Every structure is written in C-alpha cells, then in structure tokens.
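Here the structure comes first, spelled out in structure tokens, and everything after it is commentary.
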Amino acid sequence: MFSRPVFKRAALSVSAASVALLCLAGPAGAVRGAPYLSYGSQGLGVECAQRAVNWANAYPVKLAEDGIWGPQTTRGVVALQRWKLGDGYADGIVGPLTGAVMDEILSSQNPAMGDVCFRALPTP
C-alpha cells in the first residue's frame, strides 16, 4: 500500500520537526540580558532581589517585597553581597554575580520561586 519513499519522507519530517523543537526550546536558565538592578529600579526583578535578601536573612530589617528599589533595598543588597561575595563586591547593584547568588537562594528555598525569578535576575 505505502511505498518505501513515503516512509522515508515521513521519518525525515518527524526528525526535522524534533530538531526544530529542541532548537527553539533551548536550555532553561536565567537570562543573560536581564537588566542590572539598582536604586530606582522597579518590577519583578526588584521584588525577587528583595525576597532573596529576606529569605537569606542577610539584613536585620525585613524588606518590603513591593518591587520598588529604595534605600532599604540598597542596604539589604549590600549586606547580602558582603556576606556571600565579600566586601569587594558590595556595591548595591544586582549584576550577574549577585543575581546568580540570589537565584541560588530563591531556588534552594522554593524551586517554584526560582522558576518565577530566574528570568528577572541578571546572571553570568
């Protein structure tokens, strides 16, 4: 009923579709292009940074997890950076190194939260 070339074309089509899907999906991970976060930033990335500082107990005052970066958030991020990265990295800016530390904290405490925040935090 079906000739051999039809099976070959069908197999080739299925293989091509599988390769295309794998290439489009790509590996899961944080986004390298996520913007750095600092004083005045707003949004999900800031909320994730605030949550990471709170969950790590890095700062004695609980930060509001409101997604608005103010002076308390800067102090909390600096405290987290000093604790996890050392004084030389304590600049109060969430760049790739700090973002990776925060992503690790969030993912270890609550994997679902790590999934939510991994695109909002800059990482290497």
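All residue names refer to the structure tokens as shown: chains lettered A, B, ... in order, residues numbered from 1 in each chain, ligands numbered from 1 in order.
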Please provide as a PyMOL selection string all residues within 9 Å of Arg51 (chain A), with the sequence filter that same-chain residues fewer than 5 positions apart are discarded (counting only C-alpha atoms).
chain A and resi 46+56+63-65+102+106
Closest atom pairs, residues of region 48-71 of chain A within 9 Å of region 37-43 of chain A, only C-alpha atoms, as CSV:
```
residue,atom,partner,partner_atom,distance
A:Cys48,CA,A:Gly43,CA,8.8
A:Ala49,CA,A:Leu37,CA,8.6
A:Asp66,CA,A:Gly43,CA,8.3
A:Gly67,CA,A:Gly43,CA,4.8
A:Ile68,CA,A:Gln42,CA,4.7
A:Trp69,CA,A:Gly40,CA,5.3
A:Gly70,CA,A:Tyr39,CA,5.8
A:Pro71,CA,A:Tyr39,CA,7.2
```
Close residues, Ala52 (chain A) itself excluded, 12 Å, only C-alpha atoms, min 2 positions apart in chain, as a PyMOL selection string
chain A and resi 45-50+54-59+62-65+73+76-77+79-81+84+94+98-110+113-114+117-118+121
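Using only C-alpha atoms for every distance, the candidate list A:Leu97, A:Ala90, A:Leu44, A:Leu85 yields A:Leu97 as the residue closest to Thr123 (chain A).
Reported to one decimal place, the separation of CA of Gly86 (chain A) from CA of Pro111 (chain A) is 25.9 Å.
Checking A:Gly92, A:Pro60, A:Val116, A:Asp87 one by one against Arg75 (chain A), counting only C-alpha atoms, you find the shortest gap at A:Gly92.
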